[in-house]
$ cat target-v3.txt   # compact mmCIF, C-alpha atoms
# COMPACT_ATOMS: atom_id res chain seq x y z
CA MET H 1 0.00 0.00 0.00
CA VAL H 2 1.48 3.30 -1.14
CA THR H 3 0.95 6.09 1.28
CA GLN H 4 -0.06 9.57 0.15
CA GLU H 5 3.37 10.91 1.05
CA GLN H 6 5.12 8.22 -1.02
CA ARG H 7 2.81 9.00 -3.96
CA LYS H 8 3.76 12.68 -3.76
CA ARG H 9 7.44 11.79 -3.82
CA GLN H 10 6.98 9.47 -6.83
CA LEU H 11 5.12 12.17 -8.76
CA ALA H 12 7.82 14.67 -7.89
CA ARG H 13 10.55 12.29 -9.18
CA GLU H 14 8.61 11.73 -12.42
CA LYS H 15 8.14 15.46 -12.88
CA PHE H 16 11.84 16.01 -12.29
CA LEU H 17 12.73 13.31 -14.84
CA ARG H 18 10.40 14.84 -17.42
CA GLN H 19 11.99 18.26 -16.86
CA GLN H 20 15.46 16.81 -17.29
CA GLN H 21 14.42 15.04 -20.49
CA ARG H 22 12.93 18.26 -21.88
CA ARG H 23 16.10 20.21 -21.00
CA THR H 24 18.32 17.56 -22.60
CA ALA H 25 16.19 17.60 -25.75
CA ALA H 26 16.26 21.41 -25.82
CA ARG H 27 20.06 21.45 -25.50
CA ARG H 28 20.33 18.89 -28.32
CA LYS H 29 18.12 21.01 -30.57
CA ALA H 30 20.10 24.15 -29.69
CA ARG H 31 23.37 22.45 -30.61
CA MET H 32 21.92 21.35 -33.94
CA ARG H 33 20.52 24.85 -34.60
CA ASN H 34 23.84 26.53 -33.76
CA SER H 35 25.67 24.09 -36.00
CA VAL H 36 23.36 24.96 -38.91
CA ILE H 37 23.69 28.70 -38.20
CA ALA H 38 27.48 28.43 -38.11
CA SER H 39 27.46 26.65 -41.45
CA VAL H 40 25.22 29.29 -43.00
CA LEU H 41 27.32 32.11 -41.60
CA GLY H 42 30.39 30.47 -43.08
CA VAL H 43 28.76 30.47 -46.51
CA ILE H 44 27.66 34.09 -46.10
CA LEU H 45 31.13 35.15 -44.99
CA VAL H 46 32.75 33.53 -48.00
CA GLY H 47 30.19 35.19 -50.26
CA SER H 48 30.75 38.56 -48.61
CA LEU H 49 34.50 38.33 -49.04
CA ALA H 50 34.04 37.46 -52.69
CA LEU H 51 31.75 40.46 -53.09
CA TYR H 52 34.21 42.74 -51.29
CA THR H 53 37.07 41.74 -53.54
CA SER H 54 35.04 42.37 -56.68
CA ASP H 55 33.02 45.44 -55.64
CA VAL H 56 34.18 49.03 -56.04
CA LEU H 57 34.28 51.30 -53.01
CA LYS H 58 33.66 54.91 -53.92
CA GLY H 59 36.03 57.42 -52.41
CA ASP H 60 37.54 60.86 -52.47
CA ASP H 61 41.22 61.72 -52.76
CA ASP H 62 41.13 63.58 -49.45
CA LYS H 63 42.28 61.19 -46.71
CA ALA H 64 39.33 62.14 -44.52
CA ASN H 65 36.99 60.33 -46.90
CA THR H 66 38.50 56.87 -46.26
CA ALA H 67 35.71 54.31 -45.76
CA ALA H 68 35.92 51.47 -43.25
CA THR H 69 37.28 48.42 -45.01
CA PRO H 70 38.15 44.90 -43.86
CA SER H 71 41.67 44.66 -42.55
CA ALA H 72 44.07 42.26 -44.15
CA THR H 73 47.65 41.25 -43.73
CA PRO H 74 49.57 42.32 -46.83
CA SER H 75 51.73 39.64 -48.36
CA ALA H 76 55.43 40.19 -48.86
CA ILE H 77 56.05 41.65 -52.32
CA ALA H 78 59.43 42.25 -53.91
CA ASP H 79 60.22 45.94 -54.33
CA PRO H 80 60.25 46.61 -58.09
CA CYS H 81 62.11 49.91 -57.76
CA LYS H 82 65.73 50.93 -57.38
CA LYS H 83 67.53 52.48 -54.46
CA PRO H 84 66.95 56.26 -54.20
CA ALA H 85 69.68 58.68 -55.20
CA GLU H 86 71.62 60.20 -52.33
CA GLY H 87 70.18 63.40 -50.94
CA LYS H 88 67.48 64.75 -48.66
CA ALA H 89 64.18 66.43 -49.43
CA LYS H 90 64.00 70.16 -48.85
CA THR H 91 61.37 71.60 -46.56
CA ALA H 92 61.54 75.27 -47.58
CA THR H 93 58.29 77.25 -47.60
CA TRP H 94 57.19 80.54 -49.12
CA LYS H 95 54.65 83.06 -47.90
CA LYS H 96 52.80 83.56 -51.16
CA GLU H 97 52.24 82.04 -54.57
CA PRO H 98 55.13 82.76 -56.95
CA SER H 99 54.65 85.49 -59.53
CA MET H 100 53.65 84.38 -63.02
CA THR H 101 56.80 83.73 -65.06
CA ILE H 102 55.71 81.07 -67.55
CA ASP H 103 54.58 81.77 -71.09
CA LYS H 104 50.88 80.83 -71.01
CA SER H 105 50.85 80.24 -74.76
CA ALA H 106 53.82 77.86 -74.73
CA LYS H 107 53.95 74.11 -74.15
CA TYR H 108 55.54 72.75 -71.00
CA THR H 109 56.40 69.22 -69.96
CA MET H 110 57.40 67.77 -66.61
CA LYS H 111 59.66 64.78 -66.05
CA LEU H 112 59.61 62.91 -62.77
CA ALA H 113 62.78 60.84 -62.65
CA THR H 114 61.75 58.27 -60.03
CA THR H 115 63.34 55.18 -58.56
CA CYS H 116 60.78 53.15 -60.50
CA GLY H 117 61.36 54.83 -63.87
CA ASP H 118 60.74 58.14 -65.61
CA ILE H 119 57.23 59.58 -65.68
CA ASP H 120 56.82 62.15 -68.45
CA ILE H 121 53.87 64.53 -68.31
CA ALA H 122 52.44 66.97 -70.86
CA LEU H 123 51.24 69.97 -68.86
CA LYS H 124 48.03 71.89 -69.60
CA THR H 125 49.58 75.34 -69.45
CA LYS H 126 46.76 77.35 -70.97
CA ALA H 127 44.02 75.63 -68.94
CA ALA H 128 45.89 75.64 -65.60
CA PRO H 129 48.50 78.44 -65.71
CA HIS H 130 48.72 79.01 -61.94
CA THR H 131 49.31 75.31 -61.32
CA VAL H 132 51.90 74.92 -64.08
CA ASN H 133 53.64 78.12 -62.98
CA SER H 134 53.82 76.82 -59.41
CA PHE H 135 55.29 73.51 -60.50
CA ASN H 136 57.79 75.30 -62.71
CA PHE H 137 58.85 77.38 -59.68
CA LEU H 138 59.02 74.48 -57.22
CA ALA H 139 60.85 72.16 -59.61
CA ALA H 140 63.45 74.87 -60.28
CA LYS H 141 63.98 75.14 -56.51
CA GLY H 142 64.52 71.38 -56.24
CA TYR H 143 61.47 71.14 -54.01
CA PHE H 144 60.35 67.74 -55.31
CA ASP H 145 63.81 66.17 -55.45
CA HIS H 146 64.35 63.22 -53.07
CA THR H 147 60.69 63.24 -52.02
CA LYS H 148 58.78 60.01 -51.46
CA CYS H 149 55.38 59.33 -52.99
CA HIS H 150 53.57 58.63 -49.75
CA ARG H 151 50.17 57.25 -50.74
CA LEU H 152 48.78 54.59 -53.07
CA THR H 153 45.09 53.77 -53.33
CA THR H 154 44.02 50.48 -54.87
CA ASN H 155 40.32 50.32 -54.03
CA GLY H 156 37.59 52.58 -55.43
CA ILE H 157 40.03 55.22 -56.61
CA TYR H 158 43.36 54.36 -58.18
CA VAL H 159 45.98 57.01 -57.63
CA LEU H 160 49.58 57.51 -56.56
CA GLN H 161 49.98 60.66 -54.45
CA CYS H 162 53.25 62.58 -54.25
CA GLY H 163 54.63 66.08 -53.69
CA ASP H 164 55.01 66.24 -49.91
CA PRO H 165 58.66 66.63 -48.77
CA THR H 166 57.69 65.52 -45.26
CA GLY H 167 56.18 62.27 -46.54
CA SER H 168 53.36 62.65 -44.03
CA GLY H 169 50.58 63.75 -46.36
CA SER H 170 50.25 67.10 -44.62
CA GLY H 171 53.25 69.03 -45.99
CA GLY H 172 53.20 71.87 -48.49
CA PRO H 173 55.07 74.89 -49.85
CA GLY H 174 53.49 77.40 -47.46
CA TYR H 175 51.19 78.92 -50.06
CA THR H 176 48.09 77.77 -51.91
CA ILE H 177 47.02 78.13 -55.52
CA PRO H 178 43.53 78.53 -57.00
CA ASP H 179 41.56 75.65 -58.45
CA GLU H 180 41.66 75.58 -62.25
CA ASN H 181 40.33 73.63 -65.20
CA LEU H 182 37.59 71.87 -63.22
CA LYS H 183 35.46 71.64 -66.35
CA ASP H 184 38.16 69.95 -68.41
CA LYS H 185 36.62 68.00 -71.26
CA SER H 186 38.42 64.85 -70.10
CA LEU H 187 36.35 64.77 -66.89
CA LYS H 188 33.16 62.96 -67.84
CA ASP H 189 30.59 61.61 -65.39
CA ASN H 190 32.85 62.57 -62.46
CA VAL H 191 35.60 60.26 -63.65
CA TYR H 192 39.26 61.23 -63.72
CA PRO H 193 40.61 59.07 -66.54
CA ALA H 194 43.78 57.03 -66.30
CA GLY H 195 46.80 59.17 -67.16
CA THR H 196 45.51 62.31 -65.43
CA ILE H 197 47.73 64.26 -63.05
CA ALA H 198 45.73 66.48 -60.70
CA MET H 199 46.17 68.56 -57.57
CA ALA H 200 45.35 67.17 -54.15
CA ASN H 201 43.67 69.50 -51.68
CA THR H 202 42.12 69.63 -48.22
CA GLY H 203 38.58 69.22 -49.51
CA GLN H 204 38.07 72.98 -49.54
CA ALA H 205 38.24 75.21 -52.61
CA HIS H 206 41.56 76.77 -53.60
CA THR H 207 43.67 74.82 -51.11
CA GLY H 208 46.10 73.15 -53.53
CA GLY H 209 49.77 73.39 -52.60
CA SER H 210 52.46 71.00 -53.83
CA GLN H 211 50.78 67.61 -53.44
CA PHE H 212 49.43 65.96 -56.58
CA PHE H 213 48.12 62.59 -57.64
CA LEU H 214 48.68 60.45 -60.71
CA VAL H 215 45.71 58.37 -61.87
CA TYR H 216 46.73 54.92 -63.09
CA GLN H 217 43.17 53.64 -63.61
CA ASP H 218 39.90 55.48 -64.22
CA SER H 219 38.73 56.84 -60.86
CA GLN H 220 35.38 58.33 -59.88
CA LEU H 221 35.92 61.60 -58.02
CA PRO H 222 34.04 64.88 -57.76
CA PRO H 223 35.48 67.49 -60.15
CA SER H 224 37.20 69.36 -57.32
CA TYR H 225 40.83 68.62 -58.14
CA THR H 226 42.69 70.66 -60.76
CA PRO H 227 43.66 68.40 -63.69
CA PHE H 228 46.83 69.95 -65.10
CA GLY H 229 48.53 67.33 -67.24
CA THR H 230 48.54 63.96 -68.96
CA VAL H 231 50.99 61.13 -68.30
CA SER H 232 52.82 59.59 -71.27
CA GLU H 233 52.36 55.95 -72.29
CA SER H 234 55.76 55.00 -70.88
CA GLY H 235 54.92 56.86 -67.68
CA MET H 236 51.73 54.81 -67.36
CA THR H 237 53.81 51.64 -67.55
CA VAL H 238 55.79 52.88 -64.56
CA LEU H 239 52.62 53.75 -62.63
CA LYS H 240 51.10 50.33 -63.25
CA LYS H 241 54.29 48.66 -62.04
CA ILE H 242 54.06 50.65 -58.82
CA ALA H 243 50.37 49.83 -58.42
CA ALA H 244 50.97 46.13 -59.02
CA ALA H 245 53.24 46.01 -55.96
CA GLY H 246 50.29 47.13 -53.80
CA GLU H 247 50.16 49.21 -50.65
CA SER H 248 51.24 48.60 -47.09
CA THR H 249 47.94 48.22 -45.20
CA GLY H 250 46.25 45.61 -47.36
CA ALA H 251 43.04 47.66 -47.05
CA GLY H 252 43.44 49.63 -50.28
CA ASP H 253 44.90 52.91 -49.02
CA GLY H 254 48.40 53.29 -47.61
CA ALA H 255 52.07 53.77 -48.40
CA PRO H 256 53.21 52.05 -51.61
CA ASN H 257 55.05 48.77 -51.13
CA ALA H 258 57.35 49.97 -53.90
CA THR H 259 59.98 52.51 -52.85
CA VAL H 260 58.74 55.40 -55.00
CA VAL H 261 61.07 58.37 -54.67
CA ILE H 262 61.31 61.30 -57.05
CA ASN H 263 65.05 61.65 -57.55
CA LYS H 264 64.60 64.72 -59.75
CA ALA H 265 61.66 66.75 -61.08
CA THR H 266 62.15 68.96 -64.11
CA VAL H 267 59.76 71.31 -65.92
CA THR H 268 60.78 72.21 -69.47
CA LYS H 269 59.40 74.69 -71.96
CA SER H 270 59.07 73.15 -75.40

$ encode --input "target-v3.txt" --output "structure tokens"
Amino acid sequence: MVTQEQRKRQLAREKFLRQQQRRTAARRKARMRNSVIASVLGVILVGSLALYTSDVLKGDDDKANTAATPSATPSAIADPCKKPAEGKAKTATWKKEPSMTIDKSAKYTMKLATTCGDIDIALKTKAAPHTVNSFNFLAAKGYFDHTKCHRLTTNGIYVLQCGDPTGSGSGGPGYTIPDENLKDKSLKDNVYPAGTIAMANTGQAHTGGSQFFLVYQDSQLPPSYTPFGTVSESGMTVLKKIAAAGESTGAGDGAPNATVVINKATVTKS
């Protein structure tokens, strides 16, 4: 004969067993669900990475515009460029834009003799006289000699940026020049075509100094950067070699892996 107290204890044990069974079953289902979720997330992650590597991130030349991008560890790449010539960059500055000394009706060219090869540029004197005059002045002063091209972008926009003796991205000649030629016929649909050399700026109007960028692949940018020349075919070969070596961060915007130093910059009237 089972007493009432014993019956209560038996029912309690059965209830406890049922609870344990339900909890065990719930944990089993949770493990299966998490396993499925992990598998799905793995597929999504692979798909996302594939999309990231093929998609184009829009950007602006100004460093402040840099979008958040996945970090990556850059692989070791052999430096395709030679050892820089002996000498140090000058850091002289001037209080105001140099007076106009160029012949606006003449043709001028600029040669950047770099550690990676010569980059010849036909300058747009008539369309951008202040810019060409400034480069003529600075080159004559040796301002660009022994300076390192400090920035390479390989994602969204495709440019090599140079012209800062400090190599920090914030240096300049002490004066600014006005924006020019922003309606150049080569700028279509807000695209700076490959082969363009244009002025970098702070993002504000008329803040160009000595920094410039060389476009090695068509790049979508607002027409806010003075285009003042066109790189020669041989110069483009040099730029593509530099770009192929990649940049230091692995995220698409950093110092070039190639040692790109302007040994000598020369502006010539032709």

$ closest_residue --input "target-v3.txt" --among "H:Asp79, H:Asp179, H:Glu247, H:Asp253" --to "H:Gly209" --atoms "only C-alpha atoms"
H:Asp179

$ atom_distance --input "target-v3.txt" --atom1 "atom CA of H:Ala255" --atom2 "atom CA of H:Leu123"
26.1 Å

$ residues_near_point --input "target-v3.txt" --point "(32.1, 62.3, -60.8)" --cutoff "8 Å" --atoms "only C-alpha atoms" --output "PyMOL selection string"
chain H and resi 187-192+220-223

$ atom_distance --input "target-v3.txt" --atom1 "atom CA of H:Ile119" --atom2 "atom CA of H:Asp218"
17.9 Å

$ residues_around --input "target-v3.txt" --residues "H:Gly203" --least-positions-apart "2" --cutoff "8 Å" --atoms "all atoms listed in the file" --output "compact mmCIF listing (two decimals) with C-alpha atoms, in the coordinates of the input"
# COMPACT_ATOMS: atom_id res chain seq x y z
CA ASP H 62 41.13 63.58 -49.45
CA ASN H 201 43.67 69.50 -51.68
CA ALA H 205 38.24 75.21 -52.61
CA THR H 207 43.67 74.82 -51.11
CA SER H 224 37.20 69.36 -57.32

$ atom_distance --input "target-v3.txt" --atom1 "atom CA of H:Tyr216" --atom2 "atom CA of H:Lys104"
27.4 Å

$ closest_residue --input "target-v3.txt" --among "H:Thr268, H:Thr153, H:Ser168, H:Thr196" --to "H:Ile242" --atoms "only C-alpha atoms"
H:Thr153

$ closest_residue --input "target-v3.txt" --among "H:Ala251, H:Leu239, H:Val215, H:Val267" --to "H:Leu138" --atoms "only C-alpha atoms"
H:Val267

$ closest_residue --input "target-v3.txt" --among "H:Leu182, H:Met199, H:Val132, H:Cys81" --to "H:Ile262" --atoms "all atoms listed in the file"
H:Cys81

$ residues_near_point --input "target-v3.txt" --point "(50.0, 51.3, -48.0)" --cutoff "12 Å" --atoms "only C-alpha atoms" --output "PyMOL selection string"
chain H and resi 71-75+149-155+159-161+242-243+245-260

$ write_last_selection --input "target-v3.txt" --atoms "C-alpha atoms" --output "PDB file, keeping the file's coordinate frame"
ATOM      1  CA  SER H  71      41.670  44.660 -42.550  1.00  0.00           C
ATOM      2  CA  ALA H  72      44.070  42.260 -44.150  1.00  0.00           C
ATOM      3  CA  THR H  73      47.650  41.250 -43.730  1.00  0.00           C
ATOM      4  CA  PRO H  74      49.570  42.320 -46.830  1.00  0.00           C
ATOM      5  CA  SER H  75      51.730  39.640 -48.360  1.00  0.00           C
ATOM      6  CA  CYS H 149      55.380  59.330 -52.990  1.00  0.00           C
ATOM      7  CA  HIS H 150      53.570  58.630 -49.750  1.00  0.00           C
ATOM      8  CA  ARG H 151      50.170  57.250 -50.740  1.00  0.00           C
ATOM      9  CA  LEU H 152      48.780  54.590 -53.070  1.00  0.00           C
ATOM     10  CA  THR H 153      45.090  53.770 -53.330  1.00  0.00           C
ATOM     11  CA  THR H 154      44.020  50.480 -54.870  1.00  0.00           C
ATOM     12  CA  ASN H 155      40.320  50.320 -54.030  1.00  0.00           C
ATOM     13  CA  VAL H 159      45.980  57.010 -57.630  1.00  0.00           C
ATOM     14  CA  LEU H 160      49.580  57.510 -56.560  1.00  0.00           C
ATOM     15  CA  GLN H 161      49.980  60.660 -54.450  1.00  0.00           C
ATOM     16  CA  ILE H 242      54.060  50.650 -58.820  1.00  0.00           C
ATOM     17  CA  ALA H 243      50.370  49.830 -58.420  1.00  0.00           C
ATOM     18  CA  ALA H 245      53.240  46.010 -55.960  1.00  0.00           C
ATOM     19  CA  GLY H 246      50.290  47.130 -53.800  1.00  0.00           C
ATOM     20  CA  GLU H 247      50.160  49.210 -50.650  1.00  0.00           C
ATOM     21  CA  SER H 248      51.240  48.600 -47.090  1.00  0.00           C
ATOM     22  CA  THR H 249      47.940  48.220 -45.200  1.00  0.00           C
ATOM     23  CA  GLY H 250      46.250  45.610 -47.360  1.00  0.00           C
ATOM     24  CA  ALA H 251      43.040  47.660 -47.050  1.00  0.00           C
ATOM     25  CA  GLY H 252      43.440  49.630 -50.280  1.00  0.00           C
ATOM     26  CA  ASP H 253      44.900  52.910 -49.020  1.00  0.00           C
ATOM     27  CA  GLY H 254      48.400  53.290 -47.610  1.00  0.00           C
ATOM     28  CA  ALA H 255      52.070  53.770 -48.400  1.00  0.00           C
ATOM     29  CA  PRO H 256      53.210  52.050 -51.610  1.00  0.00           C
ATOM     30  CA  ASN H 257      55.050  48.770 -51.130  1.00  0.00           C
ATOM     31  CA  ALA H 258      57.350  49.970 -53.900  1.00  0.00           C
ATOM     32  CA  THR H 259      59.980  52.510 -52.850  1.00  0.00           C
ATOM     33  CA  VAL H 260      58.740  55.400 -55.000  1.00  0.00           C
TER      34      VAL H 260
END

$ residues_around --input "target-v3.txt" --residues "H:Ala92" --least-positions-apart "3" --cutoff "9 Å" --atoms "all atoms listed in the file" --output "MDAnalysis selection string"
chainID H and resid 143 173:174

$ closest_atom_pairs --input "target-v3.txt" --of "stretch 125-196 of chain H" --to "stretch 226-233 of chain H" --cutoff "12 Å" --atoms "all atoms listed in the file" --output "Markdown table"
| residue | atom | partner | partner_atom | distance |
| --- | --- | --- | --- | --- |
| H:Thr125 | CA | H:Phe228 | CA | 7.5 |
| H:Lys126 | CA | H:Phe228 | CA | 9.4 |
| H:Ala127 | CA | H:Phe228 | CA | 7.4 |
| H:Ala128 | CA | H:Phe228 | CA | 5.8 |
| H:Pro129 | CA | H:Phe228 | CA | 8.7 |
| H:His130 | CA | H:Phe228 | CA | 9.8 |
| H:Thr131 | CA | H:Phe228 | CA | 7.0 |
| H:Val132 | CA | H:Phe228 | CA | 7.2 |
| H:Asn133 | CA | H:Phe228 | CA | 10.8 |
| H:Ser134 | CA | H:Phe228 | CA | 11.3 |
| H:Phe135 | CA | H:Phe228 | CA | 10.3 |
| H:Ile177 | CA | H:Thr226 | CA | 10.1 |
| H:Pro178 | CA | H:Thr226 | CA | 8.8 |
| H:Asp179 | CA | H:Thr226 | CA | 5.6 |
| H:Glu180 | CA | H:Thr226 | CA | 5.2 |
| H:Asn181 | CA | H:Thr226 | CA | 5.8 |
| H:Leu182 | CA | H:Thr226 | CA | 5.8 |
| H:Lys183 | CA | H:Thr226 | CA | 9.2 |
| H:Asp184 | CA | H:Pro227 | CA | 7.4 |
| H:Lys185 | CA | H:Pro227 | CA | 10.3 |
| H:Ser186 | CA | H:Pro227 | CA | 9.0 |
| H:Leu187 | CA | H:Pro227 | CA | 8.8 |
| H:Val191 | CA | H:Pro227 | CA | 11.5 |
| H:Tyr192 | CA | H:Pro227 | CA | 8.4 |
| H:Pro193 | CA | H:Thr230 | CA | 9.6 |
| H:Ala194 | CA | H:Val231 | CA | 8.5 |
| H:Gly195 | CA | H:Val231 | CA | 4.8 |
| H:Thr196 | CA | H:Thr230 | CA | 4.9 |

$ closest_residue --input "target-v3.txt" --among "H:Ile197, H:Leu112, H:Ala89, H:Met100" --to "H:Lys141" --atoms "all atoms listed in the file"
H:Ala89
